[in-house]
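For reference, entry30.txt (compact mmCIF, C-alpha atoms):
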# COMPACT_ATOMS: atom_id res chain seq x y z
CA MET J 287 32.19 51.74 -186.66
CA ILE J 288 33.91 48.92 -184.76
CA LEU J 289 31.34 46.28 -185.66
CA GLN J 290 31.09 47.48 -189.26
CA SER J 291 34.86 47.22 -189.68
CA LEU J 292 34.97 43.71 -188.20
CA ASN J 293 32.00 42.65 -190.34
CA GLU J 294 33.90 43.73 -193.46
CA LEU J 295 37.09 42.05 -192.23
CA TYR J 296 35.33 38.67 -192.09
CA THR J 297 35.14 38.47 -195.90
CA ARG J 298 38.87 39.08 -196.25
CA LEU J 299 39.85 36.54 -193.59
CA ALA J 300 37.45 33.90 -194.91
CA GLU J 301 39.30 33.95 -198.25
CA ASP J 302 42.63 33.20 -196.52
CA SER J 303 42.90 29.55 -195.47
CA SER J 304 45.64 30.34 -192.92
CA TYR J 305 43.02 31.94 -190.65
CA GLU J 306 40.82 28.82 -190.64
CA ILE J 307 37.68 30.96 -190.60
CA ALA J 308 34.48 29.12 -189.77
CA PRO J 309 31.67 29.03 -192.34
CA SER J 310 28.24 30.37 -191.42
CA GLY J 311 26.79 28.48 -188.49
CA PHE J 312 30.13 27.08 -187.27
CA SER J 313 32.76 28.15 -184.75
CA PRO J 314 35.94 26.69 -183.20
CA GLN J 315 35.44 24.71 -180.01
CA LYS J 316 37.87 23.07 -177.60
CA VAL J 317 37.36 19.32 -178.01
CA THR J 318 38.98 16.71 -175.77
CA PHE J 319 37.24 13.45 -176.72
CA ARG J 320 35.55 11.76 -179.67
CA VAL J 321 32.90 9.05 -179.60
CA VAL J 322 33.52 6.51 -182.39
CA LEU J 323 30.31 4.70 -183.36
CA ARG J 324 29.73 1.57 -185.38
CA GLN J 325 27.19 1.71 -188.20
CA ASP J 326 24.58 0.11 -185.93
CA GLY J 327 25.00 2.85 -183.33
CA THR J 328 26.94 0.89 -180.73
CA VAL J 329 30.06 2.47 -179.21
CA PHE J 330 33.29 1.24 -180.77
CA ALA J 331 35.52 3.45 -178.62
CA VAL J 332 35.79 6.75 -176.78
CA GLU J 333 39.14 8.24 -177.78
CA ASP J 334 41.35 11.01 -176.48
CA ALA J 335 41.18 13.77 -179.10
CA ARG J 336 43.86 15.92 -177.48
CA ILE J 337 47.27 16.46 -179.01
CA ASP J 338 50.17 16.55 -176.55
CA GLY J 339 47.65 16.89 -173.77
CA LYS J 340 46.01 19.98 -175.28
CA ALA J 341 42.47 20.21 -176.63
CA ILE J 342 42.00 20.47 -180.38
CA THR J 343 39.82 23.26 -181.81
CA PRO J 344 37.89 21.98 -184.84
CA GLN J 345 35.11 23.98 -186.48
CA VAL J 346 31.86 22.62 -185.03
CA PRO J 347 28.20 23.69 -185.26
CA GLN J 348 28.07 26.99 -183.45
CA PRO J 349 26.69 26.38 -179.94
CA GLU J 350 23.83 28.31 -178.47
CA LYS J 351 24.68 30.27 -175.36
CA ARG J 352 23.88 28.34 -172.18
CA THR J 353 23.04 29.93 -168.86
CA SER J 354 21.67 27.95 -165.93
CA GLY J 355 19.08 25.95 -167.85
CA VAL J 356 19.35 22.73 -169.84
CA LYS J 357 20.17 23.36 -173.50
CA ALA J 358 21.65 20.69 -175.77
CA GLN J 359 24.07 21.60 -178.57
CA PHE J 360 24.21 20.01 -182.01
CA LEU J 361 26.78 17.20 -182.51
CA CYS J 362 29.30 18.68 -180.05
CA ASP J 363 28.66 18.84 -176.34
CA LYS J 364 29.91 17.98 -172.87
CA ARG J 365 29.70 14.51 -171.37
CA GLU J 366 26.57 15.24 -169.32
CA TYR J 367 24.69 15.75 -172.59
CA VAL J 368 26.45 13.10 -174.68
CA PHE J 369 26.36 10.36 -172.01
CA GLY J 370 24.01 11.68 -169.30
CA ILE J 371 26.72 11.62 -166.63
CA GLY J 372 28.38 14.66 -165.10
CA ARG J 373 31.07 15.10 -162.47
CA ASP J 374 28.50 14.77 -159.73
CA GLY J 375 26.61 11.82 -161.16
CA SER J 376 23.50 11.39 -163.29
CA LYS J 377 22.41 14.13 -165.68
CA LYS J 378 19.47 12.35 -167.30
CA GLU J 379 17.68 15.60 -168.12
CA CYS J 380 20.70 16.76 -170.14
CA PHE J 381 20.93 13.49 -172.08
CA LYS J 382 17.20 13.56 -172.73
CA ALA J 383 17.48 17.05 -174.24
CA PHE J 384 20.45 15.96 -176.38
CA LYS J 385 18.58 12.86 -177.57
CA THR J 386 15.37 14.75 -178.37
CA LYS J 387 17.24 17.45 -180.31
CA HIS J 388 19.02 14.96 -182.59
CA LEU J 389 16.20 12.49 -183.16
CA ALA J 390 13.95 15.34 -184.28
CA SER J 391 16.31 16.05 -187.21
CA GLU J 392 16.87 12.49 -188.46
CA LYS J 393 14.26 12.50 -191.23
CA GLU J 394 15.44 15.86 -192.59
CA ILE J 395 19.14 14.94 -192.64
CA ASN J 396 18.40 11.40 -193.88
CA THR J 397 21.90 9.94 -194.04
CA PRO J 398 23.13 6.55 -192.66
CA GLU J 399 25.92 8.10 -190.61
CA TYR J 400 23.54 10.43 -188.80
CA GLY J 401 21.19 7.49 -188.40
CA ALA J 402 23.96 5.65 -186.53
CA LEU J 403 24.08 8.51 -184.02
CA CYS J 404 20.32 8.31 -183.54
CA ARG J 405 20.52 4.56 -182.89
CA PHE J 406 23.21 5.24 -180.28
CA LEU J 407 20.97 7.78 -178.55
CA GLU J 408 18.04 5.38 -178.54
CA LYS J 409 20.08 2.52 -177.06
CA TRP J 410 22.41 4.34 -174.68
CA ASN J 411 21.96 3.90 -170.93
CA PRO J 412 23.84 6.44 -168.76
CA GLN J 413 24.51 3.63 -166.26
CA ASP J 414 26.94 2.13 -168.81
CA PHE J 415 29.24 5.17 -168.62
CA ASN J 416 31.70 3.50 -166.24
CA GLU J 417 32.26 0.73 -168.80
CA LEU J 418 33.82 3.17 -171.26
CA LYS J 419 37.56 2.64 -171.42
CA ALA J 420 38.89 6.19 -171.53
CA PRO J 421 41.00 8.34 -169.16
CA ALA J 422 38.74 10.35 -166.86
CA ASP J 423 40.40 13.67 -167.74
CA VAL J 424 39.43 13.45 -171.44
CA PHE J 425 35.86 14.29 -170.42
CA GLU J 426 36.81 17.75 -169.14
CA GLY J 427 35.97 19.39 -172.47
CA PHE J 428 33.58 18.90 -175.36
CA GLY J 429 33.14 15.74 -177.40
CA VAL J 430 32.39 15.07 -181.07
CA PHE J 431 31.21 12.01 -183.01
CA GLN J 432 32.94 9.91 -185.63
CA ILE J 433 31.80 6.83 -187.57
CA GLN J 434 34.15 3.84 -187.47
CA GLY J 435 36.31 3.67 -190.58
CA GLN J 436 35.79 7.33 -191.55
CA LYS J 437 38.41 10.06 -191.13
CA GLY J 438 36.23 13.14 -190.67
CA TYR J 439 33.81 13.95 -187.89
CA LEU J 440 30.08 13.46 -188.25
CA HIS J 441 29.41 17.20 -188.34
CA ASP J 442 31.79 17.55 -191.32
CA LEU J 443 29.87 15.17 -193.60
CA PRO J 444 28.38 17.24 -196.48
CA PRO J 445 24.71 16.20 -195.92
CA VAL J 446 24.97 17.00 -192.20
CA LYS J 447 27.00 20.18 -192.66
CA ASN J 448 24.72 21.54 -195.40
CA TRP J 449 21.62 20.81 -193.34
CA TRP J 450 23.04 22.62 -190.32
CA ILE J 451 24.05 25.70 -192.33
CA LYS J 452 20.56 25.89 -193.81
CA HIS J 453 18.88 25.19 -190.47
CA SER J 454 20.93 27.75 -188.52
CA ASN J 455 19.94 30.49 -190.99
CA LEU J 456 16.21 29.76 -190.92
CA ASN J 457 13.90 32.34 -189.46
CA GLU J 458 12.15 31.02 -186.38
CA GLU J 459 8.42 31.53 -186.07
CA GLY J 460 7.66 34.85 -184.43
CA GLU J 461 11.28 35.95 -184.66
CA LEU J 462 11.84 39.71 -184.58
CA GLN J 463 13.07 41.25 -187.84
CA GLU J 464 14.42 44.76 -187.95
CA GLN J 465 16.88 46.89 -189.88
CA CYS J 466 20.39 45.74 -188.95
CA LEU J 467 22.58 48.58 -187.66
CA ILE J 468 25.61 47.07 -189.40
CA THR J 469 24.33 46.10 -192.85
CA GLY J 470 21.16 48.19 -193.13
CA GLU J 471 19.22 45.10 -194.26
CA ILE J 472 15.93 43.90 -192.81
CA ALA J 473 16.82 40.56 -191.20
CA PRO J 474 16.26 38.38 -188.10
CA ILE J 475 17.82 40.13 -185.11
CA ILE J 476 20.08 38.25 -182.73
CA GLY J 477 19.07 38.03 -179.09
CA ILE J 478 22.29 36.99 -177.34
CA HIS J 479 25.53 37.88 -179.13
CA PRO J 480 28.30 35.28 -179.63
CA ASP J 481 31.10 35.06 -177.10
CA ILE J 482 34.48 36.65 -177.76
CA LYS J 483 37.44 34.41 -176.87
CA GLY J 484 41.09 34.97 -176.04
CA PHE J 485 40.61 36.24 -172.47
CA LYS J 486 40.26 34.60 -169.06
CA SER J 487 36.54 34.18 -169.69
CA SER J 488 34.53 34.30 -172.90
CA VAL J 489 31.75 36.89 -172.94
CA ALA J 490 29.77 38.81 -175.52
CA LEU J 491 31.09 42.12 -176.80
CA VAL J 492 27.55 43.52 -177.18
CA GLY J 493 24.86 43.31 -174.53
CA ILE J 494 22.31 45.48 -172.77
CA GLN J 495 21.35 45.03 -169.14
CA SER J 496 17.76 44.04 -168.46
CA ASN J 497 16.74 47.27 -166.80
CA SER J 498 14.04 49.82 -167.53
CA SER J 499 16.60 52.64 -167.61
CA TYR J 500 18.10 51.09 -170.78
CA GLU J 501 14.79 50.46 -172.51
CA SER J 502 12.62 52.67 -174.69
CA TYR J 503 9.78 52.43 -177.24
CA GLY J 504 8.76 49.09 -175.77
CA LYS J 505 12.07 47.43 -176.73
CA SER J 506 14.18 45.41 -174.32
CA LYS J 507 17.74 44.09 -174.17
CA THR J 508 19.44 43.83 -177.60
CA GLU J 509 16.28 44.95 -179.40
CA ASN J 510 17.60 48.43 -178.58
CA CYS J 511 20.61 47.83 -180.84
CA PRO J 512 19.25 45.56 -183.60
CA ILE J 513 22.01 43.52 -185.25
CA SER J 514 21.26 40.64 -187.59
CA LYS J 515 22.27 37.07 -186.81
CA ASP J 516 24.52 36.95 -189.86
CA ALA J 517 26.30 40.22 -189.03
CA ALA J 518 26.78 39.12 -185.41
CA PHE J 519 28.33 35.88 -186.62
CA ARG J 520 30.64 37.71 -189.02
CA TYR J 521 31.96 40.38 -186.64
CA SER J 522 32.45 37.93 -183.76
CA THR J 523 34.17 35.34 -185.97
CA ALA J 524 36.57 37.97 -187.33
CA LEU J 525 37.41 39.31 -183.87
CA ASN J 526 37.89 35.80 -182.47
CA ALA J 527 40.28 35.06 -185.36
CA LEU J 528 42.42 38.07 -184.39
CA LEU J 529 42.35 37.29 -180.68
CA ALA J 530 42.49 33.50 -180.56
CA GLY J 531 42.95 32.15 -184.10
CA PRO J 532 46.02 30.55 -185.69
CA GLN J 533 47.31 33.97 -186.83
CA LYS J 534 46.73 35.73 -183.49
CA LYS J 535 50.43 36.39 -182.80
CA LYS J 536 50.70 38.81 -185.71
CA HIS J 537 47.51 40.67 -184.81
CA ARG J 538 47.48 41.10 -181.04
CA ASN J 539 49.78 42.76 -178.51
CA ARG J 540 49.66 44.17 -175.02
CA LEU J 541 49.54 47.84 -174.06
CA ALA J 542 49.58 48.23 -170.27
CA SER J 543 46.46 46.34 -169.11
CA SER J 544 44.80 46.33 -172.53
CA THR J 545 44.86 43.72 -175.27
CA VAL J 546 45.26 45.44 -178.65
CA VAL J 547 44.42 43.92 -182.02
CA HIS J 548 45.35 45.53 -185.34
CA TRP J 549 44.55 44.85 -188.97
CA THR J 550 44.51 46.49 -192.38
CA GLU J 551 41.44 46.69 -194.60
CA SER J 552 43.12 44.59 -197.30
CA GLN J 553 46.07 42.22 -197.00
CA THR J 554 49.37 44.11 -196.88
CA ASP J 555 52.99 43.40 -196.02
CA PHE J 556 52.70 46.18 -193.46
CA GLU J 557 50.22 44.16 -191.40
CA ASP J 558 52.68 41.25 -191.18
CA VAL J 559 55.75 43.36 -190.39
CA PHE J 560 53.91 45.54 -187.86
CA GLY J 561 52.89 42.37 -186.05
CA ALA J 562 56.48 41.11 -186.08
CA VAL J 563 57.65 44.36 -184.41
CA PHE J 564 54.80 45.14 -182.01
CA GLY J 565 52.69 41.97 -181.80
CA GLU J 566 53.05 38.85 -179.68
CA ASP J 567 55.12 37.39 -182.50
CA SER J 568 57.83 39.90 -181.57
CA GLU J 569 58.52 37.85 -178.44
CA LYS J 570 60.41 35.38 -180.60
CA SER J 571 64.14 35.95 -180.72
CA SER J 572 65.60 37.27 -183.94
CA SER J 573 67.55 34.02 -184.34
CA SER J 574 64.26 32.16 -184.84
CA GLN J 575 63.12 34.47 -187.65
CA ASP J 576 64.13 33.97 -191.25
CA GLN J 577 66.37 36.51 -192.90
CA SER J 578 63.63 37.90 -195.17
CA ARG J 579 61.49 38.77 -192.13
CA ILE J 580 64.46 40.42 -190.41
CA ASP J 581 65.08 42.47 -193.58
CA GLN J 582 61.40 43.55 -193.62
CA ILE J 583 61.60 44.62 -189.98
CA ASN J 584 64.75 46.64 -190.64
CA ARG J 585 63.06 48.35 -193.64
CA LEU J 586 60.07 49.27 -191.48
CA LEU J 587 62.23 50.72 -188.73
CA SER J 588 64.22 52.61 -191.36
CA ALA J 589 61.00 54.01 -192.85
CA ILE J 590 59.88 55.17 -189.40
CA ARG J 591 63.20 56.90 -188.78
CA SER J 592 63.30 58.59 -192.20
CA GLY J 593 59.58 59.28 -192.59
CA SER J 594 59.61 57.93 -196.17
CA LYS J 595 59.43 54.76 -198.31
CA TYR J 596 56.00 53.85 -196.94
CA SER J 597 55.03 52.32 -200.29
CA ASP J 598 57.42 49.40 -199.59
CA PHE J 599 54.70 47.89 -197.39
CA GLY J 600 51.61 48.34 -199.60
CA ASP J 601 49.37 51.20 -200.59
CA PRO J 602 50.10 53.92 -197.98
CA GLU J 603 46.43 54.96 -198.04
CA THR J 604 45.19 51.50 -197.01
CA PRO J 605 43.01 51.89 -193.89
CA PHE J 606 44.59 50.62 -190.68
CA TYR J 607 42.66 49.73 -187.51
CA MET J 608 43.58 49.28 -183.84
CA LEU J 609 41.14 48.10 -181.18
CA GLY J 610 41.98 48.07 -177.47
CA LEU J 611 40.03 45.72 -175.19
CA GLU J 612 40.17 45.07 -171.47
CA GLN J 613 38.29 42.65 -169.24
CA PRO J 614 37.81 44.37 -165.86
CA ASN J 615 35.79 41.41 -164.56
CA PRO J 616 34.80 37.98 -165.93
CA GLY J 617 31.37 39.17 -167.06
CA ARG J 618 32.14 42.04 -169.42
CA PHE J 619 34.52 43.83 -171.77
CA SER J 620 35.67 47.43 -171.75
CA ILE J 621 36.59 49.02 -175.07
CA ARG J 622 39.57 51.18 -174.20
CA PHE J 623 40.01 52.74 -177.64
CA PHE J 624 39.37 52.29 -181.35
CA HIS J 625 41.63 53.97 -183.86
CA ARG J 626 41.06 54.12 -187.63
CA SER J 627 43.87 55.57 -189.70
CA THR J 628 45.96 54.75 -192.78
CA ILE J 629 49.36 53.11 -193.07
CA ALA J 630 50.91 56.47 -194.03
CA ASP J 631 49.26 58.34 -191.15
CA LEU J 632 50.32 55.73 -188.60
CA LEU J 633 53.93 55.73 -189.85
CA ASP J 634 53.96 59.53 -189.82
CA LYS J 635 52.92 59.50 -186.16
CA LEU J 636 55.55 56.89 -185.32
CA HIS J 637 58.12 59.03 -187.17
CA ASP J 638 57.08 62.11 -185.15
CA HIS J 639 57.33 60.07 -181.94
CA HIS J 640 60.82 58.93 -182.91
CA GLN J 641 61.86 62.53 -183.61
CA CYS J 642 60.55 63.68 -180.23
CA LEU J 643 62.52 60.96 -178.47
CA GLN J 644 65.64 62.04 -180.38

Entire entry expressed as structure tokens:
Amino acid sequence: MILQSLNELYTRLAEDSSYEIAPSGFSPQKVTFRVVLRQDGTVFAVEDARIDGKAITPQVPQPEKRTSGVKAQFLCDKREYVFGIGRDGSKKECFKAFKTKHLASEKEINTPEYGALCRFLEKWNPQDFNELKAPADVFEGFGVFQIQGQKGYLHDLPPVKNWWIKHSNLNEEGELQEQCLITGEIAPIIGIHPDIKGFKSSVALVGIQSNSSYESYGKSKTENCPISKDAAFRYSTALNALLAGPQKKKHRNRLASSTVVHWTESQTDFEDVFGAVFGEDSEKSSSSQDQSRIDQINRLLSAIRSGSKYSDFGDPETPFYMLGLEQPNPGRFSIRFFHRSTIADLLDKLHDHHQCLQ
């Protein structure tokens, strides 16, 4: 029920530009530097991409999950992959993987800007890293590429972006296809679920330990809970938007040790006002809120006290959801509770609570 609800929420959020929802195959990433290339592939500059010392979070090609092995990402990666130099010195194996990954796609993408990147990878020598004129701390995060004289990043160019979306949705040879538990469709099943952000460490919400006690019918790991790649992208993108997106302050709040996110099935005024009262946005002083928002808050509190006038905030029968998450250790999540109700039912319960306190 949780994943189904988040999967459905993705469609609603994707239609609202204020949430900056990533398209299929993309996700926000903390970027601290950009490599500006000339058309011939030589380095024009390495620039600090941060704003006021903080990393930016553009939508980049969704990275594959890395463990202890070498795995290059597409068009957005750390300096050991982009330049072959890490904190502790040479990382030639990382640069080689990054170079091989991008050169293999040049003929399919077939655009001059991407060709400039390939020429850079062919010419670059990791020993030249110290000649780059950039503050050392800009290399703490991920880097992206830009062509000199162009405003957007290389991964945003239509030919590159369209190729990546198509490529990321292709079925790999021998890939397992099963009926998705969320959509009911027969589709390629995801192996490792996307990370959920907004906590001390980013980890997957869904995972099964590699242990015979969790396995049956010859299936292992996430084969026991088949979820399609597309559905996994949708539910994780929606949840990340609530927890760490630009509208997070109206969707998340704290309840003891749990982080709670709330949303309504369709856009309603109630969702906004509820966030202003109970969400992180409520931490702002009333003097910083405009008068219309203060009036909305007062109407909500009045409705709770009186137990009426619920229709002022949208259809009272609109489904309302609350999900409580906790991270007991850096490697996993605990779902503390999941509550599905309606606006009217929630306000009735708040009214009853108010009466009991009286």

Q: Excluding Ile288 of chain J and any residue of its chain fewer than 3 positions from it, enumerate the residues within 9 Å of it, using only C-alpha atoms, and give them as a PyMOL selection string.
A: chain J and resi 291-293+521+609+624

For segment 556-566 of chain J, list every protein, DNA or RNA residue within 7 Å, evaluated using all atoms listed in the file, and leave out those in the same chain fewer than 4 positions away; present the list as a PDB file with C-alpha atoms, in the frame of the given file.
ATOM      1  CA  LYS J 535      50.430  36.390-182.800  1.00  0.00           C
ATOM      2  CA  LYS J 536      50.700  38.810-185.710  1.00  0.00           C
ATOM      3  CA  HIS J 537      47.510  40.670-184.810  1.00  0.00           C
ATOM      4  CA  ARG J 538      47.480  41.100-181.040  1.00  0.00           C
ATOM      5  CA  ASN J 539      49.780  42.760-178.510  1.00  0.00           C
ATOM      6  CA  TRP J 549      44.550  44.850-188.970  1.00  0.00           C
ATOM      7  CA  THR J 550      44.510  46.490-192.380  1.00  0.00           C
ATOM      8  CA  GLN J 582      61.400  43.550-193.620  1.00  0.00           C
ATOM      9  CA  ILE J 583      61.600  44.620-189.980  1.00  0.00           C
ATOM     10  CA  PHE J 599      54.700  47.890-197.390  1.00  0.00           C
ATOM     11  CA  GLY J 600      51.610  48.340-199.600  1.00  0.00           C
TER      12      GLY J 600
END

Q. So, counting all atoms listed in the file, which residue among J:Leu289, J:Thr397, J:Lys385, J:Ile433 is closest to Lys447 of chain J?
A. J:Thr397

Using all atoms listed in the file, find each residue in segment 416-485 of chain J having at least one atom no more than 10 Å away from segment 345-354 of chain J; report its shortest atom-to-atom pair and that distance in Å (one decimal), rows by chain then rising number, as JSON lines.
{"residue": "J:Val430", "atom": "CA", "partner": "J:Val346", "partner_atom": "CA", "distance": 8.5}
{"residue": "J:Tyr439", "atom": "CA", "partner": "J:Val346", "partner_atom": "CA", "distance": 9.3}
{"residue": "J:Leu440", "atom": "CA", "partner": "J:Val346", "partner_atom": "CA", "distance": 9.9}
{"residue": "J:His441", "atom": "CA", "partner": "J:Val346", "partner_atom": "CA", "distance": 6.8}
{"residue": "J:Asp442", "atom": "CA", "partner": "J:Val346", "partner_atom": "CA", "distance": 8.1}
{"residue": "J:Lys447", "atom": "CA", "partner": "J:Pro347", "partner_atom": "CA", "distance": 8.3}
{"residue": "J:Trp450", "atom": "CA", "partner": "J:Pro347", "partner_atom": "CA", "distance": 7.3}
{"residue": "J:Ile451", "atom": "CA", "partner": "J:Pro347", "partner_atom": "CA", "distance": 8.4}
{"residue": "J:Ser454", "atom": "CA", "partner": "J:Gln348", "partner_atom": "CA", "distance": 8.8}
{"residue": "J:Ile478", "atom": "CA", "partner": "J:Lys351", "partner_atom": "CA", "distance": 7.4}
{"residue": "J:His479", "atom": "CA", "partner": "J:Lys351", "partner_atom": "CA", "distance": 8.5}
{"residue": "J:Pro480", "atom": "CA", "partner": "J:Lys351", "partner_atom": "CA", "distance": 7.5}
{"residue": "J:Asp481", "atom": "CA", "partner": "J:Lys351", "partner_atom": "CA", "distance": 8.2}

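In this structure, atom CA of Lys340 of chain J sits 19.5 Å away from atom CA of Gln432 of chain J.
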
Q. Which is closer to Ala331 of chain J than all the others in J:Tyr305, J:Phe319, J:Phe519, J:Phe606, using only C-alpha atoms?
A.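 Among the listed residues, the smallest separation from Ala331 of chain J belongs to J:Phe319.
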
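Counting only C-alpha atoms, the residue from J:Glu509, J:Glu408, J:Asp555, J:Asp334 that sits nearest to Thr386 of chain J is J:Glu408.
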
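From atom CA of Ala490 of chain J back to atom CA of Glu612 of chain J, the distance works out to 12.8 Å.
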
(Q) Could you check the closest approach to Glu417 of chain J for each of J:Gln463, J:Ser376, J:Thr554, J:Val332 and tell me which residue wins, using all atoms listed in the file? (A) J:Val332

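From atom CA of His453 of chain J back to atom CA of Glu394 of chain J, the distance works out to 10.2 Å.
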
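With distances restricted to all atoms listed in the file, J:His637 is the closest residue to Arg591 of chain J from J:Gln434, J:His637, J:Gln577, J:Ser552.
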